[in-house]
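Structure file run-v7.txt (compact mmCIF, C-alpha atoms) follows.
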```txt
# COMPACT_ATOMS: atom_id res chain seq x y z
CA MET A 13 -8.62 14.31 -29.84
CA PRO A 14 -11.63 14.51 -32.20
CA ILE A 15 -13.85 17.58 -31.98
CA LEU A 16 -16.79 16.87 -29.67
CA ASN A 17 -19.58 15.25 -31.64
CA LYS A 18 -22.86 13.46 -31.10
CA ASP A 19 -21.35 10.04 -31.77
CA MET A 20 -18.53 10.38 -29.26
CA THR A 21 -18.40 7.66 -26.60
CA LEU A 22 -18.12 8.91 -23.01
CA CYS A 23 -16.23 7.17 -20.20
CA ILE A 24 -15.98 8.60 -16.69
CA SER A 25 -14.50 8.07 -13.26
CA LEU A 26 -16.27 8.44 -9.90
CA SER A 27 -14.06 9.24 -6.92
CA GLY A 28 -14.20 10.98 -3.57
CA ARG A 29 -10.91 12.72 -4.46
CA PRO A 30 -10.74 12.97 -8.28
CA SER A 31 -7.35 13.44 -9.89
CA ASN A 32 -6.33 14.09 -13.48
CA LEU A 33 -4.37 10.84 -13.83
CA GLY A 34 -7.09 8.70 -15.38
CA THR A 35 -8.40 11.54 -17.52
CA ARG A 36 -4.99 12.18 -19.07
CA PHE A 37 -4.16 8.45 -19.39
CA HIS A 38 -7.32 7.51 -21.30
CA ASN A 39 -7.57 10.66 -23.42
CA PHE A 40 -3.91 10.34 -24.42
CA LEU A 41 -4.57 6.87 -25.81
CA TYR A 42 -7.85 7.87 -27.46
CA GLU A 43 -5.94 10.56 -29.37
CA GLU A 44 -2.97 8.35 -30.19
CA LEU A 45 -5.22 5.59 -31.52
CA GLY A 46 -7.73 7.90 -33.23
CA LEU A 47 -10.70 6.70 -31.15
CA ASN A 48 -13.89 8.76 -30.96
CA PHE A 49 -13.95 8.58 -27.15
CA ILE A 50 -13.64 11.10 -24.32
CA TYR A 51 -12.96 10.55 -20.61
CA LYS A 52 -13.92 12.84 -17.71
CA ALA A 53 -13.45 12.58 -13.92
CA PHE A 54 -16.31 13.31 -11.51
CA SER A 55 -17.12 13.24 -7.81
CA THR A 56 -20.60 12.87 -6.36
CA ASP A 57 -22.59 12.81 -3.16
CA ASP A 58 -25.27 10.69 -4.87
CA ILE A 59 -23.68 7.45 -6.02
CA GLU A 60 -27.03 5.83 -6.80
CA GLY A 61 -28.01 8.75 -9.03
CA ALA A 62 -24.59 8.68 -10.72
CA ILE A 63 -24.86 5.00 -11.59
CA ARG A 64 -28.41 5.48 -12.85
CA GLY A 65 -26.93 8.17 -15.09
CA VAL A 66 -24.28 5.75 -16.41
CA ARG A 67 -27.05 3.37 -17.41
CA ALA A 68 -29.57 5.93 -18.70
CA LEU A 69 -27.11 8.06 -20.68
CA GLY A 70 -25.26 5.17 -22.28
CA ILE A 71 -21.94 6.05 -20.65
CA ARG A 72 -19.70 3.22 -21.83
CA GLY A 73 -17.24 2.88 -18.96
CA CYS A 74 -16.99 4.01 -15.37
CA SER A 75 -13.91 3.79 -13.16
CA VAL A 76 -14.82 3.59 -9.46
CA SER A 77 -12.52 4.77 -6.66
CA MET A 78 -12.88 5.21 -2.92
CA PRO A 79 -15.28 5.61 -1.23
CA PHE A 80 -17.61 4.01 -3.77
CA LYS A 81 -16.02 0.61 -4.45
CA GLU A 82 -18.43 -1.34 -2.24
CA ALA A 83 -21.39 1.04 -2.53
CA VAL A 84 -21.85 0.37 -6.26
CA ILE A 85 -22.19 -3.40 -5.87
CA PRO A 86 -26.00 -3.46 -5.45
CA LEU A 87 -26.36 -0.95 -8.31
CA VAL A 88 -24.89 -3.12 -11.10
CA ASP A 89 -26.33 -6.10 -12.95
CA ARG A 90 -23.41 -8.53 -12.89
CA LEU A 91 -20.17 -8.93 -10.98
CA GLU A 92 -17.25 -10.58 -12.71
CA GLU A 93 -15.23 -12.97 -10.52
CA SER A 94 -12.50 -10.38 -9.88
CA ALA A 95 -15.07 -8.13 -8.16
CA ALA A 96 -17.38 -10.77 -6.67
CA ALA A 97 -14.58 -12.61 -4.89
CA ILE A 98 -13.42 -9.53 -3.01
CA GLU A 99 -16.71 -7.60 -2.87
CA SER A 100 -15.08 -4.51 -4.35
CA VAL A 101 -15.56 -2.85 -7.75
CA ASN A 102 -13.29 -0.46 -9.62
CA THR A 103 -14.59 -0.84 -13.18
CA ILE A 104 -18.08 -0.80 -14.68
CA VAL A 105 -18.77 -1.47 -18.35
CA ASN A 106 -22.16 -0.56 -19.81
CA GLU A 107 -23.16 -3.30 -22.24
CA GLY A 108 -26.28 -1.88 -23.84
CA GLY A 109 -27.82 -0.80 -20.55
CA ARG A 110 -26.56 -3.80 -18.57
CA LEU A 111 -23.83 -2.85 -16.12
CA VAL A 112 -21.01 -5.37 -15.65
CA ALA A 113 -18.53 -4.76 -12.83
CA SER A 114 -14.98 -6.02 -12.35
CA ASN A 115 -11.86 -5.19 -10.38
CA THR A 116 -8.77 -4.36 -12.41
CA ASP A 117 -6.95 -3.33 -9.22
CA TYR A 118 -6.84 -7.02 -8.30
CA GLU A 119 -5.62 -7.94 -11.77
CA ALA A 120 -2.90 -5.26 -11.68
CA VAL A 121 -1.58 -6.24 -8.23
CA ALA A 122 -1.56 -9.93 -9.15
CA SER A 123 0.41 -9.11 -12.29
CA LEU A 124 2.94 -7.01 -10.36
CA ILE A 125 3.49 -9.70 -7.72
CA ALA A 126 4.40 -12.06 -10.56
CA SER A 127 6.46 -9.62 -12.64
CA HIS A 128 8.52 -8.49 -9.64
CA GLY A 129 9.18 -12.11 -8.69
CA ILE A 130 8.03 -11.76 -5.07
CA ASP A 131 8.57 -15.10 -3.34
CA PRO A 132 5.31 -16.56 -1.91
CA ALA A 133 7.30 -17.95 1.03
CA LEU A 134 7.96 -14.44 2.36
CA PRO A 135 5.88 -12.99 5.25
CA VAL A 136 3.75 -10.00 4.26
CA LEU A 137 2.39 -7.06 6.27
CA VAL A 138 -0.46 -5.08 4.64
CA ARG A 139 -1.61 -1.79 6.16
CA GLY A 140 -5.24 -1.03 5.32
CA SER A 141 -8.66 -2.69 5.15
CA GLY A 142 -10.67 -0.78 2.54
CA GLY A 143 -11.67 -1.66 -1.01
CA MET A 144 -8.15 -1.51 -2.42
CA ALA A 145 -6.82 -3.54 0.52
CA LYS A 146 -9.31 -6.26 -0.39
CA ALA A 147 -7.84 -6.39 -3.89
CA VAL A 148 -4.27 -6.49 -2.57
CA VAL A 149 -4.85 -9.19 0.05
CA ALA A 150 -6.81 -11.33 -2.42
CA ALA A 151 -4.02 -11.01 -4.98
CA PHE A 152 -1.42 -12.20 -2.46
CA ARG A 153 -3.62 -15.14 -1.49
CA GLY A 154 -4.15 -15.98 -5.16
CA ALA A 155 -0.37 -15.93 -5.64
CA GLY A 156 0.07 -18.54 -2.91
CA PHE A 157 1.23 -16.43 0.05
CA GLU A 158 0.47 -18.19 3.34
CA ASP A 159 1.94 -15.76 5.91
CA LEU A 160 0.21 -12.38 5.79
CA THR A 161 -0.96 -9.98 8.48
CA VAL A 162 -3.55 -7.25 7.97
CA LEU A 163 -2.68 -4.15 10.00
CA ALA A 164 -5.82 -2.02 10.40
CA ARG A 165 -7.16 0.30 13.07
CA ASN A 166 -10.71 -0.64 12.10
CA GLU A 167 -10.96 -3.96 13.91
CA ALA A 168 -14.21 -5.11 12.30
CA ALA A 169 -13.01 -4.47 8.75
CA GLY A 170 -9.47 -5.67 9.45
CA ARG A 171 -10.55 -8.93 11.08
CA ALA A 172 -13.13 -9.60 8.38
CA LEU A 173 -10.57 -9.14 5.62
CA ALA A 174 -7.95 -11.29 7.37
CA ASP A 175 -10.44 -14.03 8.27
CA LYS A 176 -11.76 -14.22 4.70
CA TYR A 177 -8.37 -15.41 3.48
CA GLY A 178 -7.14 -17.24 6.58
CA TYR A 179 -4.68 -14.51 7.58
CA ALA A 180 -3.89 -12.71 10.83
CA TRP A 181 -5.09 -9.27 11.94
CA THR A 182 -3.51 -6.72 14.25
CA GLY A 183 -4.54 -3.23 15.29
CA GLU A 184 -1.06 -2.19 16.43
CA ASP A 185 2.21 -1.99 14.55
CA PRO A 186 3.94 -5.36 15.02
CA ALA A 187 7.67 -5.69 15.55
CA PRO A 188 9.70 -5.24 12.34
CA GLY A 189 10.35 -8.46 10.46
CA ALA A 190 7.90 -8.73 7.56
CA ALA A 191 9.83 -9.27 4.35
CA VAL A 192 7.13 -7.59 2.24
CA ILE A 193 5.45 -4.42 3.51
CA VAL A 194 2.47 -2.98 1.62
CA ASN A 195 0.75 0.34 2.23
CA VAL A 196 -2.88 0.46 1.14
CA THR A 197 -3.91 3.65 2.98
CA PRO A 198 -3.82 7.36 1.98
CA MET A 199 -0.62 7.84 4.00
CA GLY A 200 1.91 9.48 1.70
CA MET A 201 -0.72 10.71 -0.78
CA HIS A 202 -0.72 14.35 -1.81
CA GLY A 203 -2.90 16.28 0.64
CA PRO A 204 -3.06 16.16 4.44
CA ASP A 205 -1.17 12.83 4.60
CA ALA A 206 1.58 13.79 2.14
CA ASP A 207 4.45 13.61 4.64
CA ALA A 208 3.25 10.52 6.49
CA LEU A 209 5.48 7.45 6.51
CA SER A 210 3.15 4.46 6.53
CA PHE A 211 5.73 2.10 8.05
CA SER A 212 8.59 2.88 10.40
CA LEU A 213 12.15 3.00 9.13
CA ALA A 214 12.78 -0.13 11.20
CA HIS A 215 10.09 -1.95 9.20
CA VAL A 216 11.63 -0.69 5.97
CA GLU A 217 15.11 -1.86 7.02
CA ALA A 218 13.79 -5.33 7.89
CA ALA A 219 11.90 -5.72 4.59
CA GLU A 220 13.04 -7.10 1.26
CA VAL A 221 10.18 -5.57 -0.75
CA VAL A 222 8.50 -2.20 -0.17
CA PHE A 223 5.15 -1.79 -1.96
CA ASP A 224 3.01 1.36 -1.86
CA VAL A 225 -0.27 1.50 -3.80
CA VAL A 226 -0.54 5.30 -3.48
CA ALA A 227 -0.62 6.45 -7.10
CA PHE A 228 0.49 10.05 -6.75
CA PRO A 229 3.14 10.88 -5.99
CA ALA A 230 4.94 7.78 -7.21
CA GLU A 231 7.79 8.67 -4.86
CA THR A 232 5.86 8.55 -1.58
CA PRO A 233 7.80 8.83 1.70
CA LEU A 234 7.62 5.03 1.95
CA ILE A 235 8.97 4.47 -1.56
CA VAL A 236 11.75 7.03 -0.99
CA ALA A 237 12.70 5.27 2.26
CA GLY A 238 12.66 1.87 0.54
CA ARG A 239 14.75 3.10 -2.36
CA ASP A 240 17.26 4.77 -0.01
CA ALA A 241 17.55 1.51 1.92
CA GLY A 242 18.25 -0.45 -1.27
CA LYS A 243 15.03 -2.46 -1.17
CA ARG A 244 13.04 -3.79 -4.09
CA ILE A 245 10.15 -1.41 -4.61
CA VAL A 246 6.73 -1.60 -6.24
CA THR A 247 4.98 1.74 -6.74
CA GLY A 248 1.40 2.89 -7.00
CA ALA A 249 2.32 4.37 -10.38
CA GLU A 250 2.78 0.80 -11.65
CA VAL A 251 -0.55 -0.27 -10.15
CA ILE A 252 -2.58 2.59 -11.58
CA ALA A 253 -1.04 2.26 -15.05
CA LEU A 254 -1.80 -1.46 -15.27
CA GLN A 255 -5.32 -1.19 -13.89
CA ALA A 256 -6.10 1.75 -16.20
CA ALA A 257 -4.77 -0.19 -19.19
CA ARG A 258 -7.10 -3.08 -18.42
CA GLN A 259 -10.00 -0.64 -18.04
CA PHE A 260 -9.12 0.97 -21.37
CA GLU A 261 -9.22 -2.39 -23.13
CA ARG A 262 -12.59 -3.25 -21.57
CA TYR A 263 -14.11 0.09 -22.57
CA THR A 264 -12.77 0.24 -26.12
CA GLY A 265 -12.14 -3.38 -27.11
CA VAL A 266 -8.69 -2.28 -28.28
CA ALA A 267 -5.59 -4.09 -27.00
CA ILE A 268 -2.65 -1.82 -26.18
CA THR A 269 1.06 -2.54 -25.97
CA PRO A 270 3.31 -2.12 -22.91
CA GLU A 271 4.99 0.77 -24.76
CA GLN A 272 1.64 2.53 -25.20
CA VAL A 273 0.84 2.00 -21.51
CA ALA A 274 4.21 3.49 -20.57
CA ARG A 275 3.70 6.55 -22.78
CA ALA A 276 0.19 7.15 -21.45
CA SER A 277 1.38 6.71 -17.86
CA GLU A 278 4.21 9.18 -18.35
CA PHE A 279 1.85 11.71 -19.93
CA SER A 280 -0.76 11.25 -17.20
CA ARG A 281 1.74 12.05 -14.45
CA ALA A 282 3.63 14.89 -16.15
CA GLU A 283 1.17 17.71 -15.36
CA GLN A 284 0.84 16.82 -11.68
CA GLN A 285 4.57 16.24 -11.34
CA GLN A 286 5.19 19.77 -12.63
CA SER A 287 2.66 21.22 -10.18
CA ALA A 288 4.35 19.37 -7.29
CA ASN A 289 7.79 20.77 -8.17
```
Whole structure given in structure tokens:
Amino acid sequence: MPILNKDMTLCISLSGRPSNLGTRFHNFLYEELGLNFIYKAFSTDDIEGAIRGVRALGIRGCSVSMPFKEAVIPLVDRLEESAAAIESVNTIVNEGGRLVASNTDYEAVASLIASHGIDPALPVLVRGSGGMAKAVVAAFRGAGFEDLTVLARNEAAGRALADKYGYAWTGEDPAPGAAVIVNVTPMGMHGPDADALSFSLAHVEAAEVVFDVVAFPAETPLIVAGRDAGKRIVTGAEVIALQAARQFERYTGVAITPEQVARASEFSRAEQQQSAN
């Protein structure tokens, strides 16, 4: 990485629970490609002040995670279709003081649905109703899935998300039978929910595809259960790598190869994997 200098371009992330994943991913590629950029993770209790800072200080890019994905919408100047359609932002690019927001989570999930060859005729059960759940449900609708149920304890948010795309909502675990089960909650994430299994083993057994958007650890209890049961799995590690790659390209204007994405993803996870062992 270049020595800090006055011409260095700064990119940041804003999250309620910052991790080192994005910081290591982006900085790895800056160094590999010889770019005069630096990336730093932050949290805040003043999201309006933070976004004013992005604009005023000329911060080039800003990754946005929970709980700020909806809160930043009125603070930016333009929403790209990926963010406007689902009313959720995860990426802000500062174009000379004009803040343009998009959602690379949606783009990443849509890409993974296609690359894993998930059949649109299969019934889907999605647990969650927050900003990331909006991206996931929209991506399934965009891929042509007709039979999807949103499982969410928050009835208002769950119903609103389901109704937006013509899907069903339930507040209680339905009987096993969904061929695709997707966790979009913190269950299984490192921290207080680390040991939580987001779907029952019966749901896992009945499924064909087990999908967990939790980024770290990649081997969540749900993914471990799906792998042990011989199911096709899609991990949060895949989601975060793809969405970060798309952010990187927006911030820098530099296209990166799948091999570079894989190297950066492996590097980004190595430190935390060591700490977990």
Quiz item: Smallest atom-to-atom distance to A:Pro188: which of A:Ala174, A:Ala164, A:Ala218, A:Leu87, using only C-alpha atoms?
Solution: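 For A:Pro188, the nearest of the candidates is A:Ala218.
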Practice problem: May I ask for the distance between atom CA of A:Gly189 and atom CA of A:Ala145, given in Å to one decimal place? | Solution: 20.4 Å
Practice problem: Extract, using all atoms listed in the file, all DNA, RNA and protein residues at most 10 Å from stretch 277-281 of chain A, discarding same-chain residues fewer than 5 positions from it, and format them as a list in words. | Solution: Asn32, Leu33, Gly34, Thr35, Arg36, Phe37, His38, Asn39, Phe40, Leu41, Ala227, Phe228, Pro229, Ala230, Ala249, Glu250, Ile252, Ala253, Leu254, Ala256, Ala257, Glu271, Gln272 and Gln286 of chain A
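Interatomic distance, atom CA of A:Val84 to atom CA of A:Leu124: 26.2 Å.
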Quiz prompt | Residues within 9 Å of (0.5, -18.1, -8.4), file coords, only C-alpha atoms, listed as a PyMOL selection string | solution = chain A and resi 122+125-126+132+152-157
Exercise. Rank nothing, just name the residue among A:Glu93, A:Asp240, A:Glu107, A:Asp131 nearest to A:Glu158, using only C-alpha atoms.
Key: A:Asp131
Exercise. Please indicate the distance in Å from atom CA of A:Phe211 to atom CA of A:Val138, rounded to one decimal place.
Key: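 Atom CA of A:Val138 lies 10.1 Å from atom CA of A:Phe211.
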Give me, as a tab-separated table, each residue of stretch 97-130 of chain A that comes within 12 Å of stretch 241-246 of chain A, together with its shortest interatomic pair and the distance in Å at one decimal, counting only C-alpha atoms, with rows ordered by chain and rising residue number.
```
residue	atom	partner	partner_atom	distance
A:Ala120	CA	A:Val246	CA	11.7
A:Val121	CA	A:Val246	CA	9.7
A:Ser123	CA	A:Val246	CA	11.5
A:Leu124	CA	A:Val246	CA	7.8
A:Ile125	CA	A:Val246	CA	8.8
A:Ala126	CA	A:Val246	CA	11.6
A:Ser127	CA	A:Val246	CA	10.3
A:His128	CA	A:Val246	CA	7.9
A:Gly129	CA	A:Arg244	CA	10.3
A:Ile130	CA	A:Arg244	CA	9.5
```
Quiz item: So which residues touch A:Met201 within 12 Å, counting all atoms listed in the file, skipping near sequence neighbours fewer than 4 positions away, as JSON, numbers by chain?
Solution: {"A": [29, 31, 195, 196, 197, 205, 206, 207, 208, 209, 210, 224, 225, 226, 227, 228, 229, 230, 231, 232, 233, 234, 235, 248, 249, 288]}
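Restricting the calculation to all atoms listed in the file, the smallest distance between A:Asn102 and any of A:His215, A:Lys81, A:Lys18, A:Lys52 is found for A:Lys81.
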Exercise. Counting only C-alpha atoms, write as a ChimeraX atom specification all protein and nucleic acid residues lying at most 12 Å from (-16.0, -8.7, 8.0) in the file's frame.
Key: /A:98-99,141-142,146,166-177,181
Quiz prompt | Residue among A:Gln255, A:Ser94, A:Thr182, A:Thr161 lying closest to A:Val112, counting only C-alpha atoms | solution =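 Distance minimum relative to A:Val112 lands on A:Ser94.
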Exercise. Choose the residue, out of A:Ala190, A:Leu45, A:Val221, A:Met199, that has the smallest atom-to-atom separation from A:Ala276; count all atoms listed in the file.
Key: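 Answer, going by the shortest atom-to-atom distance: A:Leu45.
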Quiz item: Which is closest to A:Ile104 among A:Pro79, A:Ile24, A:Tyr118, A:Gly238, if we use all atoms listed in the file?
Solution: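 Nearest candidate to A:Ile104 out of A:Pro79, A:Ile24, A:Tyr118, A:Gly238: A:Ile24.
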